[in-house]
Amino acid sequence: MNFTIIGGGKTGRALAVYLTSKGEKCIVKTRDAAKAALVNEKGIEAEGALSGCFKAPMTTSMEEAAAFGDVIIIMTVANAHREVAEQLKPLLRKGQRIVVFNSNWGALEFKQVLGSLIDELELIVAETGAQLFVASAKAENHVSMTIKARTSVCATDSSKTAQLIEELKEVFPQFAPAGSIIETTMSTTNPVIHVPLTILNAARAENAQPFRFYADGASQKGVDLVVALDRERIQVAKALGCGIDDVLTGINSFWPDKYDNLFDALTKNPAYIKAAGPQLLDHRYLTEDVPFGIAPIAKIGRLFGIPTPYADAVMAFCLAVFGEELVGGGIEFRREDFE
């Protein structure tokens with residue numbers, strides 16, 4: 001089985017290292033020709049959960065990448081999901097599997113773009129409920145990584161989820177079935193954590209001040225805001241027929257260390273304690289997690305008449321301080337999207 005990774009960022013490189021360590025063949029698609037040249041010459045230097053130098057070819061050609069993979073894994077930011085789906089659409093072949101890591105409505109957008117082609121080509125399109133890797137990097141051919149113990153996964157046609165898990169079980173034993181792609185996306189906890197902690201550390205980010213995102217950037221009041229947003233996320237998911245875990249339960253399911261409260265889970269967890277905070281405002285913790293994480297809570301809340309005062313307040317603050325050009329975009333929802 002061959003794997004294509006779309007996205008050569010930190011988590012994309014972590015996935016390439018992970019697959020290569022298992023003896024799987026993979027290719028990484030990146031837009032960055034210089035990065036591709038560097039990785040093809042020197043390989044990917046990894047440390048953390050996996051260490052060593054791993055050879056995983058990189059290409060800037062979507063045609064080459066699409067042709068190679070039996071399984072195509074999308075590792076881009078959420079803002080790029082629709083664009084990637086449109087680029088892949090004329091290149092797909094019968095029987096391929098497409099898995100969007102870290103959801104953020106990715107499977108829904110692929111379903112909207114690919115439409116009847118999913119059935120015509122006997123594709124399975126799916127997404128995970130969380131990113132499998134936590135990664136940082138010191139260079140474009142380096143990655144320091146940890147690997148989560150579990151993540152949910154679901155296909156756009158949920159009756160095919162079990163088939164996908166069976167096909168990939170040797171490579172991804174972490175996959176556990178979810179009931180729907182609404183559940184996998186609404187299970188994602190990153191936005192309700194990243195956004196409030198980033199806006200409460202906006203001065204540090206804007207001034208490019210180095211800080212540890214959780215260990216230095218999380219205060220009790222900030223975590224209280226995370227919890228309030230998380231309650232709204234859970235209420236909206238419930239209205240859509242999904243029972244999802246709260247953020248603390250989710251974090252405790254990812255890692256061996258367990259915590260009684262969210263403040264400790266964020267500030268004391270070895271997987272998070274060294275994580276660096278953003279040193280600019282044009283960062284995916286805002287540009288991705290606001291339009292594809294916080295905004296959907298507010299939008300779907302309005303669609304179904306569910307009050308979301310904290311999500312509304314965060315959106316208003318982001319618009320007033322950062323502007324539409326930074327946090328605009330995202331998805332417009334219709335009730336039929338959830339039927």
# chains A, B, ... in the order shown; residues from 1 in each chain; ligands from 1
call {"tool": "residues_around", "arguments": {"residues": "segment 104-107 of chain A", "least_positions_apart": "5", "cutoff": "8 Å", "atoms": "only C-alpha atoms", "output": "ChimeraX atom specification"}}
result
/A:78,81-82,99,125-127,155-156,181-182,185,188,292-293
call {"tool": "select_by_dssp", "arguments": {"residues": "segment 8-166 of chain A", "states": "helix (DSSP H, G or I)", "output": "PyMOL selection string"}}
result
chain A and resi 10-21+33-42+62-68+78-91+106-114+117-120+158-166
call {"tool": "closest_atom_pairs", "arguments": {"of": "segment 174-216 of chain A", "to": "segment 299-317 of chain A", "cutoff": "10 Å", "atoms": "only C-alpha atoms", "output": "tab-separated table"}}
result
residue	atom	partner	partner_atom	distance
A:Val192	CA	A:Ala311	CA	9.1
A:Val195	CA	A:Val314	CA	8.3
A:Pro196	CA	A:Val314	CA	7.6
A:Ile199	CA	A:Phe317	CA	8.8
call {"tool": "write_last_selection", "arguments": {"atoms": "C-alpha atoms", "output": "mmCIF file, in the first residue's frame"}}
result
data_model
loop_
_atom_site.group_PDB
_atom_site.id
_atom_site.type_symbol
_atom_site.label_atom_id
_atom_site.label_comp_id
_atom_site.auth_asym_id
_atom_site.auth_seq_id
_atom_site.Cartn_x
_atom_site.Cartn_y
_atom_site.Cartn_z
ATOM 1 C CA VAL A 192 -11.524 25.858 21.899
ATOM 2 C CA VAL A 195 -8.121 30.509 20.146
ATOM 3 C CA PRO A 196 -8.771 31.810 23.679
ATOM 4 C CA ILE A 199 -6.060 36.061 22.012
#
call {"tool": "select_by_dssp", "arguments": {"residues": "segment 78-309 of chain A", "states": "strand (DSSP E or B)", "output": "ChimeraX atom specification"}}
result
/A:97-100,124-128,133-136,142-147,151-155,175-177,212,276
call {"tool": "residues_around", "arguments": {"residues": "Asn261 of chain A", "least_positions_apart": "5", "cutoff": "10 Å", "atoms": "only C-alpha atoms", "output": "number ranges by chain"}}
result
A: 223, 248-249, 266
call {"tool": "closest_residue", "arguments": {"among": "A:Leu281, A:Ala33, A:Cys26, A:Ile98", "to": "Phe68 of chain A", "atoms": "only C-alpha atoms"}}
result
A:Cys26
call {"tool": "residues_around", "arguments": {"residues": "Asn79 of chain A", "least_positions_apart": "2", "cutoff": "9 Å", "atoms": "only C-alpha atoms", "output": "ChimeraX atom specification"}}
result
/A:76-77,81-83,287-288,291-292,329-330
call {"tool": "write_last_selection", "arguments": {"atoms": "N, CA and C atoms", "output": "compact mmCIF listing (two decimals), in the first residue's frame"}}
result
# COMPACT_ATOMS: atom_id res chain seq x y z
N THR A 76 -2.83 19.38 5.39
CA THR A 76 -2.76 20.83 5.26
C THR A 76 -3.56 21.50 6.37
N VAL A 77 -3.44 22.82 6.44
CA VAL A 77 -4.34 23.59 7.30
C VAL A 77 -5.74 23.53 6.72
N HIS A 81 -8.28 22.89 2.57
CA HIS A 81 -8.97 21.64 2.26
C HIS A 81 -9.74 21.71 0.94
N ARG A 82 -10.54 22.77 0.76
CA ARG A 82 -11.36 22.86 -0.45
C ARG A 82 -10.47 22.99 -1.70
N GLU A 83 -9.43 23.78 -1.60
CA GLU A 83 -8.52 23.94 -2.74
C GLU A 83 -7.88 22.62 -3.12
N THR A 287 -5.99 31.86 12.19
CA THR A 287 -6.45 31.82 10.80
C THR A 287 -7.16 30.52 10.46
N GLU A 288 -6.84 29.44 11.15
CA GLU A 288 -7.52 28.16 10.94
C GLU A 288 -8.59 27.91 12.00
N PRO A 291 -12.05 30.46 11.90
CA PRO A 291 -13.09 30.21 10.90
C PRO A 291 -13.58 28.77 10.83
N PHE A 292 -12.73 27.80 11.20
CA PHE A 292 -13.12 26.40 11.08
C PHE A 292 -13.38 25.72 12.43
N GLY A 329 -13.57 33.82 6.13
CA GLY A 329 -13.61 32.53 5.42
C GLY A 329 -14.38 31.49 6.20
N GLY A 330 -14.01 30.24 6.01
CA GLY A 330 -14.72 29.16 6.66
C GLY A 330 -15.86 28.64 5.80
call {"tool": "residues_around", "arguments": {"residues": "Ser187 of chain A", "least_positions_apart": "5", "cutoff": "8 Å", "atoms": "only C-alpha atoms", "output": "list in words"}}
result
Gly129, Ala130, Ile244 and Asp245 of chain A
call {"tool": "closest_residue", "arguments": {"among": "A:Lys274, A:Phe211, A:Ser158, A:Asn190", "to": "Val247 of chain A", "atoms": "only C-alpha atoms"}}
result
A:Asn190
call {"tool": "closest_residue", "arguments": {"among": "A:His194, A:Lys148, A:Lys160, A:Lys89", "to": "Ser180 of chain A", "atoms": "only C-alpha atoms"}}
result
A:Lys160
call {"tool": "atom_distance", "arguments": {"atom1": "atom CA of Arg231 of chain A", "atom2": "atom CA of Ile297 of chain A"}}
result
10.5 Å
call {"tool": "atom_distance", "arguments": {"atom1": "atom CA of Gly48 of chain A", "atom2": "atom CA of Arg150 of chain A"}}
result
17.9 Å
call {"tool": "residues_around", "arguments": {"residues": "Val39 of chain A", "least_positions_apart": "2", "cutoff": "9 Å", "atoms": "only C-alpha atoms", "output": "ChimeraX atom specification"}}
result
/A:34-37,41-44,55-58,140-142
call {"tool": "write_last_selection", "arguments": {"atoms": "C-alpha atoms", "output": "PDB file, in the first residue's frame"}}
result
ATOM      1  CA  ALA A  34      13.327  24.555  -1.629  1.00  0.00           C
ATOM      2  CA  LYS A  35      11.934  22.364   1.153  1.00  0.00           C
ATOM      3  CA  ALA A  36      11.437  19.494  -1.294  1.00  0.00           C
ATOM      4  CA  ALA A  37      15.022  19.797  -2.500  1.00  0.00           C
ATOM      5  CA  GLU A  41      18.903  15.560  -0.418  1.00  0.00           C
ATOM      6  CA  LYS A  42      19.189  15.102   3.341  1.00  0.00           C
ATOM      7  CA  GLY A  43      16.077  13.255   4.479  1.00  0.00           C
ATOM      8  CA  ILE A  44      13.980  14.129   7.518  1.00  0.00           C
ATOM      9  CA  LYS A  55      14.093   9.131   3.601  1.00  0.00           C
ATOM     10  CA  ALA A  56      10.670  10.146   2.316  1.00  0.00           C
ATOM     11  CA  PRO A  57      10.596  11.765  -1.120  1.00  0.00           C
ATOM     12  CA  MET A  58       8.970  15.168  -1.530  1.00  0.00           C
ATOM     13  CA  GLU A 140      12.473  22.378   7.226  1.00  0.00           C
ATOM     14  CA  ASN A 141      13.861  18.842   7.205  1.00  0.00           C
ATOM     15  CA  HIS A 142      13.509  18.270  10.954  1.00  0.00           C
TER      16      HIS A 142
END
call {"tool": "closest_residue", "arguments": {"among": "A:Ile234, A:Ile165, A:Val226, A:Val28", "to": "Arg13 of chain A", "atoms": "only C-alpha atoms"}}
result
A:Val28
call {"tool": "atom_distance", "arguments": {"atom1": "atom CA of Leu197 of chain A", "atom2": "atom CA of Ala276 of chain A"}}
result
12.3 Å
call {"tool": "residues_around", "arguments": {"residues": "Gly179 of chain A", "least_positions_apart": "5", "cutoff": "10 Å", "atoms": "only C-alpha atoms", "output": "PDB file with C-alpha atoms, in the first residue's frame"}}
result
ATOM      1  CA  SER A 152     -11.541   8.628  16.112  1.00  0.00           C
ATOM      2  CA  VAL A 153     -12.159   8.294  12.382  1.00  0.00           C
ATOM      3  CA  CYS A 154     -15.249   8.282  10.204  1.00  0.00           C
ATOM      4  CA  ALA A 155     -16.064   8.119   6.494  1.00  0.00           C
ATOM      5  CA  SER A 158     -20.321   6.005   7.812  1.00  0.00           C
ATOM      6  CA  SER A 159     -21.203   2.461   6.711  1.00  0.00           C
ATOM      7  CA  THR A 161     -15.820   3.357   8.302  1.00  0.00           C
ATOM      8  CA  THR A 184     -15.253  13.686  14.210  1.00  0.00           C
ATOM      9  CA  GLY A 241     -27.101  14.113  17.412  1.00  0.00           C
ATOM     10  CA  CYS A 242     -23.486  13.651  18.509  1.00  0.00           C
ATOM     11  CA  GLY A 243     -22.338  12.817  21.999  1.00  0.00           C
TER      12      GLY A 243
END
